[in-house]
Structure formats: C-alpha cells, structure tokens
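Notes follow the structure.
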Amino acid sequence: MYGSSVAEQKRKHWAGRLLLALLLVTTAARADHPNAPVPEHEDLDYALLLDLPDEPLSFTRRIRPLLDRRCVVCHGCYDAPCQLKLSSMEGLRRGASKARVYDPARLEPAQPTRLFVDAKSVAGWRALGFHPVLNEGERTPGRNLSGSVLYKLLRLKQLHPQPRTGRLPPDYTLELNREQVCATAAGFSDYAREHPAWGMPYAMPNLADDDYRDLVHWIAQGAPAPPPPGPSPAARAQIEHWEDFLNGTDNKQRLVSRYLYEHLFHAHLHFEGTPTREFYRLVRSTTPPGQPVDEIATVRPYDDPGRPRFYYRLVRHPGSIVAKRHLVYALSERRLQRLRELFIEPDYRVAELPSYRPGLASNPFKTFAAIPPGSRYRFLLDDAHFFIEGFVKGPVCRGQVALSVIEDRFWVLFFDPDRPIFTSDPAFLGRVADDLQLPADARGSLDVFSLWTDYWKRERRYMEAKQAHFRDMPSHRLDHALGFLWDGDGENPNAALTVFRHFDSASVAWGLVGDEPETTWFIDYPLFERIHYLLVAGFNVYGNLVHQLNTRVYMDFLRMEGEDYFLAFLPAGERRALRRHWYRGLRREVQRYFREPLGWLSVDVVTGYRSERPQQELYSHLRARLAPLAARQAAMNRCGGRACRTRVDTAAKRRADRAMQRIAQKRGAALHAFPELAFVRVRTGGRGPDLVYTVIRNKAYRNVSSLFSDQRERDRADIAHDTLTVVDWLEGAYPNFFFEVDLEDMDAFGRQCAAIGSYADYGRFVAGYGARRTRPDFWRTADWFQDRLARDRPLAAGILDLSRYRNR
C-alpha cells in the first residue's frame, strides 16, 4: 500500500471486507455438509474481522489495562508459562520459549533470558530459542490473526469455554511445576486437538465479549503500540543529579557507588514528585550520562563488567508493575543527603579500588572493607523492610529454594547500630572476613562436597570466633539488654518486621503482627549483609542444581544465626530445650553436618526474668519497647504512609472485626483445607467503604532444615500446631482465594468458617462465599481487589498474581 492514493486504499479496504463476507458465507454453507473440506482459516473469527475498526485501538488506554487485568496476572515474571511475559510490548514481541527458568535439577547453568537485558532485539530473542506469538509474516488482518499464537489461544477459549460452576475438572493442570506445552503457530492444530480446554485465559473464566473483541481487533491491526514512555519532566533533572553523584571519579565515590548499585540493582526506584506509577532501574552502562543507555548484561551485580570504565545510569521501567517483584526504593534530595552523610562525609580513605575477581567480588566484607561497617549497617537499617522483602521476593519472583528454610511466620528485629556490638567492629570483621565467604562464589561448580565441607567449616570458625567473645561478655539485666536492640531511633517503622511465608512466596509487614511466633530473628550487620549477598546479589535463578543446593543449605546456617541471637536473650536454662523443640524433626543423617559450637547455650548473659515463661515475657517486653512505633507501622501496612484514608472505626468495622477474630482463633488439623492466603471483602451496603481482610495460614513444621524431606510431608509434619493470622489489609502477592460477604452475614460467615473441620465443610463454605475459578463474575471480584490494593497503596501496589489460585 506504500505510495498508493487514499482512494485506492479505501477501494482495497472494502474489497477485502467483501471477500471476508464471502468467506464467512461459504464457511457457513460448508458447515452443514458432513464431508465439507476444512477451510484454510477455520479458526479465524470472521465476524470480528468484518467489524474491524478503521482507527487503531489505543494501546495505552484500552489494550494495556486489558492485558494487565486478564493476562499479566499469570504472565508477568520469570515463572510465566513458557516464559511468555506479557507485562510489556517487548515481552509480547519476544514471544515464548520451551526452556524452563525454574529447574532446580539441571546440572549446567542455563542461558539467562532476562527481558530488556540478555537480548536487545527480536532477532536476538529468536537466536535464544524464543518463538513468536504475534504474526511476523505478511501483514494483513487475516494473516495477523492466523499467524498469531496469542490470537489462537484466545479463540480456543471462546470455542471451548470452561465450566461455569463447581470445581474445574482434572484435565486442567494447576500444579506449580506442571508440564508446559508451548504451542507454536505451525503446531497449533495439534495443541488444540490434544488440549481443547487450554485456551487463554487458562483455567479462568472467558473474557467478556467486549474485551475479546478489542483484543482480536488489536491483533488483527498488527498489535500497534507506542514506544515506551521516557522520563517525565519532574524526573529528568533528578536523574541528571543522581547520575552525576553516582559517577563521581574519586576512589571513595566509586567504591560507594559500587556498594549502592549492588544493593539497589533490583529496586524499582521512584523519584519524589514524579507520577505514582513511574519507576526506574539502576544499571551499569557502557555509555555516559547524556547518551542512550547500553546496559552491561552480567548474571550478578558484582560480576566483572568487562571494561575499566563504565557508568551508572537510571532507566525507566518500561512495563507494567507486578506485585511479586515490586520493591520500591524512594529517591529524593533528602535521600541523597542521607547517603552523603553515611558514606561520603565520614573520614576514611580508599587507597585502591577492589577488583571484580571471583572470591573477592562476592565477599562484601573484603570488597567494601574501607567503608565503615556502621555506615553500611545504617544504610540497611534505614530501609530494612525493602531489604528483607528483597530476600523473600528478590529479582526472581518466587523463591521456593530459599523460602523452604524459614518458618511460615516469624518476627525480625535488629541490633542497635549505636551500641558496641563486636560483630560490627571493623577489626573483628577483618579477622573473620575469609570465614564470611558466600557459596555464590562457587559459580555453579558441580563439586557438591564443598557444600558440606568448606563452607560449613568457615561457618563453624565464624561461630567459634563469636563464641569466644560471648564467653567473656558481662551479663545484663533484661531491661538493659533490650537497649541492644534497635528501636528505630523512636520513629523509623523498619525497627520490627513480620515475615509471612506462603509456601513458595513470602511477604513482609511492618511491626510485630499476630500472636507470638514460635521463632524470632535478631539480625546484626554481618548477618544482614550475608543474606542479601546470598539471596539477592548472588542468587542466580538460571543456576544449576549445586548453586541452588549451596544457597539452600547456607541459608540454613544464616537462619540458625538469627534464631540463636534471639535465644541468647533468654535464660540459659531455657535455650537448649527450646532449640531442641525447634529442630525436633531434623533427620539424624543430616544432623551431624549441622553440629555447631553450642557452648554459648550455657552462658547466661541476660538476667532478671520474673516469670516461668521467659520467651513470652521477652515478647511482652519487645512489644512494649516498640509500642511507640505501632501506629505508624499499622499505617504502613494499610496504605504505605503515616495517614490512612482507608482506616475506619465504625460499627460496621467493629462487627466485621469480631467475626474475623473468631476465624483467627482456629487452630490445628482443621486448617488443612485452608489456602495459604485468602482475601476477604466485606460489603457494607453503603455504610462506609467496603472492608478488606487477609486470612493467612501459618503452617507449623517439625523442622525446616530437613533438606531431603518431601514438601508435602513437611506440610503435614506438625499440622496440630497450624494457626491463622488475620489482618485488615491486603497482604501478599499471590492470593489463593477470594471471599465476599455482606456485612449482615458476617456473624454467619465467622461461625461457618470457625466450624470447618474437613474438606467437605470447606467446600460448602466456598460455595456460599467463595469466588471459584469457574464463577462467571470472577473477573469482577479480582478487579475489585486489584483496585482496592492500588487505592490503598498507590506506590507499593502491583498486579496480583493469580497463578496459584486454588481450584476448590
């Protein structure tokens, strides 16, 4: 059509529509004859092609929101089926791949396939084995559909809608590691014949007619989309200011910038005063500020960039934001001043910049030895929620390998950076730096024996060095000992956090949430830093079996350190029994590898307990010490700030709270039917805004260190001690079920839920209040929760992931 007149274009347009009409009539006539030949494009929706609008549909206003709400909810990250990531046009153009990202059994590391990083063009992705899901041949409306896997999957769902009531039949596979069938355009007929029910949205209700029509029209039009937006005017000056800071040329600034990059490379950075949904990434580039960014692709942020001079640059995040990897870190003039105060103003010299040599680069205690440990620790504490959340979300979207070593709910507190704690002393850290080496340095070696020898020996030596200090430590009365724990300087809500594990995902809340947990972590600087370098900076989701195993077992060491610090605050007479209870399921053949120095268990360093339940007494003191922060922590959980627009204290709220508190009392084996994470909407009928709650199931384990146990066995191991935590905000990124209830029915809702004792009881409860995958108005419910999250936490919200939604 290039060079043709407007009249000629219109003539061809209407001729094409006439041809389509004839094809449609012919197809309808043939359909009545049992031996009629199959039309070449029988799967095309001719009625929608006839109705194709002349003007392109708006990608920004119509198509992008539709993809977010119906497609990105399962196709938004590394664990998207067939690596089909639909949160950006670049992901659509990249297409799909049969290669698995999450494959803990592989013997060799996989080729990284990070969108925007590991290939810069469609041709580059084809070279890495990705096949198209949009038409890449001749561009006509009909061929745009017949050559598009995305369209074919949408059409297959229309032709074979799923049941509209009850549970889905077993031919829908919903397991986490289910076999994936990644259809191509050429092989789609086989896929459709073998799996007619596997159209998109997979195992979810059909799209609304208008949504389906608009997506088909958009694909037929050639999937037009504008280029990704650049920085807003409010961001441009700040980007220039920050890049100028990060690219300072003296050794001190270069070392500080390296430290900041290795801790913020995974962050979604947000500039003060910019639009709420505008985020940036910190990258290393071959090009200086003022030129287009050319990102250096390395597996880890501390890998050698391959050139003596490179630049730290800020690039806008081009896609939609998914909750499961949304880690917000705010940048402002105040933040910049704080970083100068911590890292630039202190008087220290950097005589020589450290290299990126393996063995050094992965050890932050050697690489950044010149920077005062107190500055590094303060930096981590200032935004402890961000960094702890990085451990359980991180850059990999799900973390089953690391998360399988932690309890389902525990509290996290930190040692005070202003108190003389020997593990933060530069001289002590210098002596033990070799023993703090992390297994990420193994680079995927198949030498599995290093798992049980070298790194465990290093860990033992470090614990022995700490124990030597512990033996000489004077005793402290409880009220004085609590002063060694950080209280947020009286205003920082990051001083206490609660971690919730939801099987293969986790979330972090501000404050001490829920009943007293079985375990609590006290974290010092070396522990904080090592967890970051193990699970975030040093973790490679494309790594092989040994890398995954090294990470898994070393995290056991670190978890035990945090728990042992907590135990050290209890009377010596209580520690050994409590610790034995925590590890009561540890298999004998594994136990000998974890035999650590335990002399500290007999050394009393905290005295003055008055009750016969010292653990509960300690918890009571911790709550009292942190009480001044409680209101702000609650506000952070509900809306991410000091003031909550959604916080209400009405008769409706009190009534709903009473019913939900009844549910929260439920314990034990009856919880086996419950999902990990359920969202509840209480419709108030106009008596104020509707209310939200999250019901979190806390599974009890005999021992999370039991590396070789089957996950399902661990789920059953200590079910008598399972509990529920109920909070009045939306917690977590992977809701497993939605419930809706009218305020008038809250009492009945609470009674029925509290009475559940079997799967049959739970099924009846779901039938009355639940939103099953088959419910025709499921999407309306899902949209409501998504909108509520965006309203309550405009900066921290992301698209919820529904790939773990239960079929109950």
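Every chain in the structure tokens takes a letter, A first, then B, and so on in the order presented; its residues are numbered from 1, and the ligands are numbered from 1 following the presented order.
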
Go through region 362-433 of chain A and flag each residue having an atom no more than 8 Å from region 457-481 of chain A; for those, report the closest pair of atoms plus their distance in Å to one decimal, using only C-alpha atoms, ordered by chain and rising number, as CSV.
residue,atom,partner,partner_atom,distance
A:Phe422,CA,A:His469,CA,7.8
A:Thr423,CA,A:Lys466,CA,7.8
A:Val432,CA,A:Tyr462,CA,6.4

Residues as selected, C-alpha atoms, written as a PDB file, in the first residue's frame, can you do that?
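Saved file out_25.pdb follows:
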ATOM      1  CA  PHE A 422      31.621  -6.783  68.466  1.00  0.00           C
ATOM      2  CA  THR A 423      30.265  -8.204  65.196  1.00  0.00           C
ATOM      3  CA  VAL A 432      36.751 -13.212  60.114  1.00  0.00           C
TER       4      VAL A 432
END

**Message:** List as a VMD selection string the protein and nucleic acid residues near region 205-221 of chain A, meaning an atom at most 8 Å away when only C-alpha atoms are counted, but skip any in the same chain fewer than 6 places from it.
**Reply:** chain A and resid 48 to 49 52 to 53 56 to 57 63 66 70 134 140 to 145 148 151 154 157 to 158 161 to 162 164 773 to 776 778 to 779

From a DSSP calculation on the backbone, collect every residue of region 285-424 of chain A in strand (DSSP E) and output the set as a JSON list (two decimals) with C-alpha atoms, in the first residue's frame.
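Saved to states.json:
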[["chain", "number", "residue", "atom", "x", "y", "z"],
["A", 285, "SER", "CA", 26.12, 1.08, 31.04],
["A", 311, "TYR", "CA", 28.73, 4.32, 34.10],
["A", 312, "TYR", "CA", 25.83, 4.00, 36.50],
["A", 313, "ARG", "CA", 22.65, 5.02, 34.73],
["A", 314, "LEU", "CA", 18.95, 5.29, 35.53],
["A", 315, "VAL", "CA", 16.49, 3.85, 33.02],
["A", 316, "ARG", "CA", 12.73, 3.95, 33.21],
["A", 328, "VAL", "CA", 10.11, 0.30, 45.91],
["A", 329, "TYR", "CA", 13.07, 2.42, 46.97],
["A", 330, "ALA", "CA", 12.45, 6.18, 47.11],
["A", 331, "LEU", "CA", 14.96, 8.70, 45.76],
["A", 409, "ARG", "CA", 5.59, -16.57, 60.28],
["A", 410, "PHE", "CA", 8.30, -15.01, 62.40],
["A", 411, "TRP", "CA", 9.37, -11.63, 63.70],
["A", 412, "VAL", "CA", 12.57, -9.82, 62.74],
["A", 413, "LEU", "CA", 14.39, -7.25, 64.91],
["A", 414, "PHE", "CA", 17.85, -5.71, 64.65]]

**Request:** Please provide the set of residues having any atom within 6 Å of Phe738 (chain A), restricted to only C-alpha atoms, with same-chain residues fewer than 5 positions apart removed, written as a PyMOL selection string.
**Result:** chain A and resi 678-680+770-771

**Prompt:** How would you write, as a VMD selection string, the set of residues in region 566-757 of chain A that DSSP gives as alpha helix (DSSP H)?
**Reply:** chain A and resid 566 to 568 572 to 582 588 to 591 614 to 626 630 to 639 651 to 664 711 to 717 746 to 754

Generate a file of the selected residues that holds C-alpha atoms, formatted as a CSV table (one decimal), in the first residue's frame.
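Here's the written file again_27.csv:
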chain,number,residue,atom,x,y,z
A,566,PHE,CA,17.2,-14.5,69.9
A,567,LEU,CA,17.8,-17.5,72.1
A,568,ALA,CA,20.9,-15.7,73.6
A,572,ALA,CA,20.5,-20.4,79.6
A,573,GLY,CA,18.2,-23.0,81.3
A,574,GLU,CA,15.5,-22.4,78.6
A,575,ARG,CA,17.6,-22.3,75.5
A,576,ARG,CA,18.6,-25.8,74.9
A,577,ALA,CA,15.1,-27.2,75.4
A,578,LEU,CA,13.6,-24.5,73.1
A,579,ARG,CA,16.2,-25.0,70.4
A,580,ARG,CA,15.7,-28.8,70.6
A,581,HIS,CA,12.0,-28.3,70.1
A,582,TRP,CA,12.6,-26.1,67.1
A,588,ARG,CA,19.9,-38.0,62.1
A,589,GLU,CA,21.9,-38.4,58.9
A,590,VAL,CA,21.7,-34.6,58.3
A,591,GLN,CA,22.2,-33.6,61.9
A,614,PRO,CA,10.6,-16.3,79.7
A,615,GLN,CA,10.0,-16.5,75.9
A,616,GLN,CA,6.6,-14.9,76.4
A,617,GLU,CA,8.0,-12.5,78.9
A,618,LEU,CA,10.6,-11.4,76.3
A,619,TYR,CA,7.9,-11.0,73.7
A,620,SER,CA,5.9,-8.8,76.1
A,621,HIS,CA,9.0,-6.6,76.6
A,622,LEU,CA,9.6,-6.3,72.9
A,623,ARG,CA,6.1,-5.2,72.2
A,624,ALA,CA,6.3,-2.6,74.9
A,625,ARG,CA,9.7,-1.3,73.7
A,626,LEU,CA,8.3,-0.9,70.1
A,630,ALA,CA,3.0,0.6,66.4
A,631,ALA,CA,0.6,3.2,65.0
A,632,ARG,CA,2.9,4.2,62.1
A,633,GLN,CA,3.7,0.5,61.4
A,634,ALA,CA,0.0,-0.2,61.1
A,635,ALA,CA,-0.4,2.8,58.8
A,636,MET,CA,2.5,1.5,56.6
A,637,ASN,CA,0.7,-1.9,56.3
A,638,ARG,CA,-2.6,-0.4,55.3
A,639,CYS,CA,-1.6,2.4,53.0
A,651,ALA,CA,-19.9,0.0,64.0
A,652,ALA,CA,-19.5,-1.9,60.7
A,653,LYS,CA,-15.8,-2.3,61.1
A,654,ARG,CA,-16.2,-3.5,64.7
A,655,ARG,CA,-18.8,-6.0,63.7
A,656,ALA,CA,-16.6,-7.4,60.9
A,657,ASP,CA,-13.6,-7.4,63.2
A,658,ARG,CA,-15.4,-9.6,65.7
A,659,ALA,CA,-16.3,-12.2,63.1
A,660,MET,CA,-12.7,-12.2,61.7
A,661,GLN,CA,-11.3,-12.5,65.2
A,662,ARG,CA,-13.4,-15.7,65.7
A,663,ILE,CA,-11.8,-17.1,62.5
A,664,ALA,CA,-8.3,-16.2,63.7
A,711,GLN,CA,7.5,-30.8,50.8
A,712,ARG,CA,4.1,-32.4,51.2
A,713,GLU,CA,5.4,-34.4,54.2
A,714,ARG,CA,6.7,-31.2,55.8
A,715,ASP,CA,3.3,-29.6,55.3
A,716,ARG,CA,1.7,-32.5,57.3
A,717,ALA,CA,4.5,-32.7,59.8
A,746,MET,CA,-20.6,-11.6,58.9
A,747,ASP,CA,-21.7,-13.4,62.0
A,748,ALA,CA,-22.8,-16.5,60.0
A,749,PHE,CA,-19.6,-16.2,57.9
A,750,GLY,CA,-17.5,-16.3,61.1
A,751,ARG,CA,-19.4,-19.2,62.6
A,752,GLN,CA,-19.3,-21.3,59.5
A,753,CYS,CA,-15.6,-20.7,58.9
A,754,ALA,CA,-14.8,-21.4,62.5

**Request:** Excluding Ala110 (chain A) and any residue of its chain fewer than 2 positions from it, enumerate the residues within 7 Å of it, using only C-alpha atoms, and give them as a list in words.
**Result:** Glu108, Pro112, Tyr542 and Gly543 of chain A

**Message:** So the first atom is CA of Tyr261 (chain A) and the second is CA of Arg284 (chain A); what is the distance between them in Å, to one decimal place?
**Reply:**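 The value is 8.5 Å.
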
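What separates CA of Ser121 (chain A) from CA of Asp294 (chain A) is a distance of 13.0 Å.
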
**Request:** Find the residues near Pro109 (chain A): any atom within 9 Å, counting only C-alpha atoms, skip ones fewer than 4 places away on the same chain, and give them as a list in words.
**Result:**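 What passes the distance filter is Gly444, Asn540, Tyr542, Gly543, Asn544, Leu545 and His547 of chain A.
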
Go ahead and write the residues just picked, C-alpha atoms, as a CSV table (one decimal), in the first residue's frame.
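selection00.csv was written with the following content:
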chain,number,residue,atom,x,y,z
A,444,GLY,CA,27.8,-23.4,39.6
A,540,ASN,CA,21.2,-16.9,40.0
A,542,TYR,CA,19.4,-19.8,36.0
A,543,GLY,CA,22.0,-21.6,38.1
A,544,ASN,CA,22.4,-25.3,38.3
A,545,LEU,CA,21.5,-27.8,41.0
A,547,HIS,CA,24.1,-23.5,43.1

**Asked** Could you pull the residues within 9 Å of Ile531 (chain A), counting only C-alpha atoms, minus those fewer than 2 positions along the same chain, as a ChimeraX atom specification?
**Response** /A:388,391,526-529,533-536,555,558

Preceding selection exported with N, CA, C and O atoms as a compact mmCIF listing (two decimals), in the first residue's frame:
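part-v4.txt was written with the following content:
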# COMPACT_ATOMS: atom_id res chain seq x y z
N ILE A 388 14.71 -6.73 53.59
CA ILE A 388 14.16 -8.02 53.99
C ILE A 388 13.18 -8.53 52.94
O ILE A 388 13.15 -9.72 52.61
N PHE A 391 14.88 -10.27 50.20
CA PHE A 391 15.27 -11.65 50.46
C PHE A 391 14.16 -12.63 50.06
O PHE A 391 14.45 -13.74 49.61
N PRO A 526 26.71 -8.36 60.05
CA PRO A 526 27.21 -9.42 59.18
C PRO A 526 26.11 -10.36 58.67
O PRO A 526 26.16 -10.81 57.52
N LEU A 527 25.12 -10.63 59.49
CA LEU A 527 24.03 -11.50 59.06
C LEU A 527 23.18 -10.80 58.00
O LEU A 527 22.82 -11.41 56.98
N PHE A 528 22.87 -9.55 58.22
CA PHE A 528 22.06 -8.78 57.26
C PHE A 528 22.75 -8.76 55.89
O PHE A 528 22.14 -9.05 54.85
N GLU A 529 24.02 -8.44 55.89
CA GLU A 529 24.76 -8.32 54.64
C GLU A 529 24.87 -9.65 53.91
O GLU A 529 24.69 -9.74 52.68
N TYR A 533 23.62 -10.85 50.07
CA TYR A 533 24.52 -11.36 49.03
C TYR A 533 24.24 -12.81 48.68
O TYR A 533 24.56 -13.26 47.57
N LEU A 534 23.62 -13.55 49.57
CA LEU A 534 23.25 -14.93 49.26
C LEU A 534 21.99 -15.00 48.40
O LEU A 534 21.97 -15.70 47.38
N LEU A 535 20.94 -14.28 48.80
CA LEU A 535 19.62 -14.45 48.20
C LEU A 535 19.27 -13.43 47.14
O LEU A 535 18.33 -13.64 46.37
N VAL A 536 20.00 -12.34 47.08
CA VAL A 536 19.66 -11.29 46.12
C VAL A 536 20.83 -11.06 45.16
O VAL A 536 20.77 -11.44 43.99
N MET A 555 21.63 -20.89 53.59
CA MET A 555 20.56 -20.13 54.22
C MET A 555 20.14 -20.78 55.53
O MET A 555 19.70 -20.10 56.47
N LEU A 558 22.38 -19.30 58.10
CA LEU A 558 22.04 -17.91 58.43
C LEU A 558 20.76 -17.84 59.26
O LEU A 558 20.65 -17.03 60.18

For Gln437 (chain A), work out the shell of residues within 8 Å, counting only C-alpha atoms and skipping chain neighbours fewer than 3 positions away, then give it as a PDB file with N, CA and C atoms, in the first residue's frame.
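Output below, filename result-v8.pdb:
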ATOM      1  N   GLY A 359      35.835 -14.565  44.218  1.00  0.00           N
ATOM      2  CA  GLY A 359      36.419 -14.822  45.524  1.00  0.00           C
ATOM      3  C   GLY A 359      36.564 -13.555  46.328  1.00  0.00           C
ATOM      4  N   SER A 362      32.465 -11.388  45.476  1.00  0.00           N
ATOM      5  CA  SER A 362      31.278 -11.944  46.137  1.00  0.00           C
ATOM      6  C   SER A 362      31.348 -11.835  47.651  1.00  0.00           C
ATOM      7  N   ASN A 363      32.439 -11.269  48.169  1.00  0.00           N
ATOM      8  CA  ASN A 363      32.600 -11.130  49.626  1.00  0.00           C
ATOM      9  C   ASN A 363      32.561  -9.652  49.990  1.00  0.00           C
ATOM     10  N   ALA A 433      36.755 -12.143  57.903  1.00  0.00           N
ATOM     11  CA  ALA A 433      36.236 -11.911  56.547  1.00  0.00           C
ATOM     12  C   ALA A 433      36.318 -13.154  55.672  1.00  0.00           C
ATOM     13  N   ASP A 434      37.420 -13.910  55.774  1.00  0.00           N
ATOM     14  CA  ASP A 434      37.540 -15.120  54.962  1.00  0.00           C
ATOM     15  C   ASP A 434      36.458 -16.135  55.318  1.00  0.00           C
ATOM     16  N   ASP A 441      30.070 -17.782  45.269  1.00  0.00           N
ATOM     17  CA  ASP A 441      31.353 -17.716  44.580  1.00  0.00           C
ATOM     18  C   ASP A 441      31.673 -19.008  43.849  1.00  0.00           C
ATOM     19  N   TYR A 455      32.328 -24.596  53.211  1.00  0.00           N
ATOM     20  CA  TYR A 455      31.520 -23.500  53.731  1.00  0.00           C
ATOM     21  C   TYR A 455      31.021 -23.781  55.152  1.00  0.00           C
ATOM     22  N   ARG A 458      33.924 -22.949  57.371  1.00  0.00           N
ATOM     23  CA  ARG A 458      34.027 -21.490  57.523  1.00  0.00           C
ATOM     24  C   ARG A 458      32.980 -20.992  58.523  1.00  0.00           C
TER      25      ARG A 458
END

**Item:** Option closest in space to Asp777 (chain A), from A:Asp487, A:Glu740, A:Asp416, A:Glu341 [counting only C-alpha atoms]
**Value:**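 Result for the nearest residue to Asp777 (chain A): A:Glu740.
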
**Counting only C-alpha atoms, the residue of A:Ile239, A:Ala96, A:Ala323, A:Leu246 that sits nearest Ala185 (chain A)** =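 Result for the nearest residue to Ala185 (chain A): A:Ala96.
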
**Fill in**
The distance between CA of Pro689 (chain A) and CA of Asp742 (chain A) is 12.3 Å

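Of the listed residues (A:Asp408, A:Val72, A:Pro81, A:Val546), A:Val546 comes nearest to Arg106 (chain A); the distances count only C-alpha atoms.
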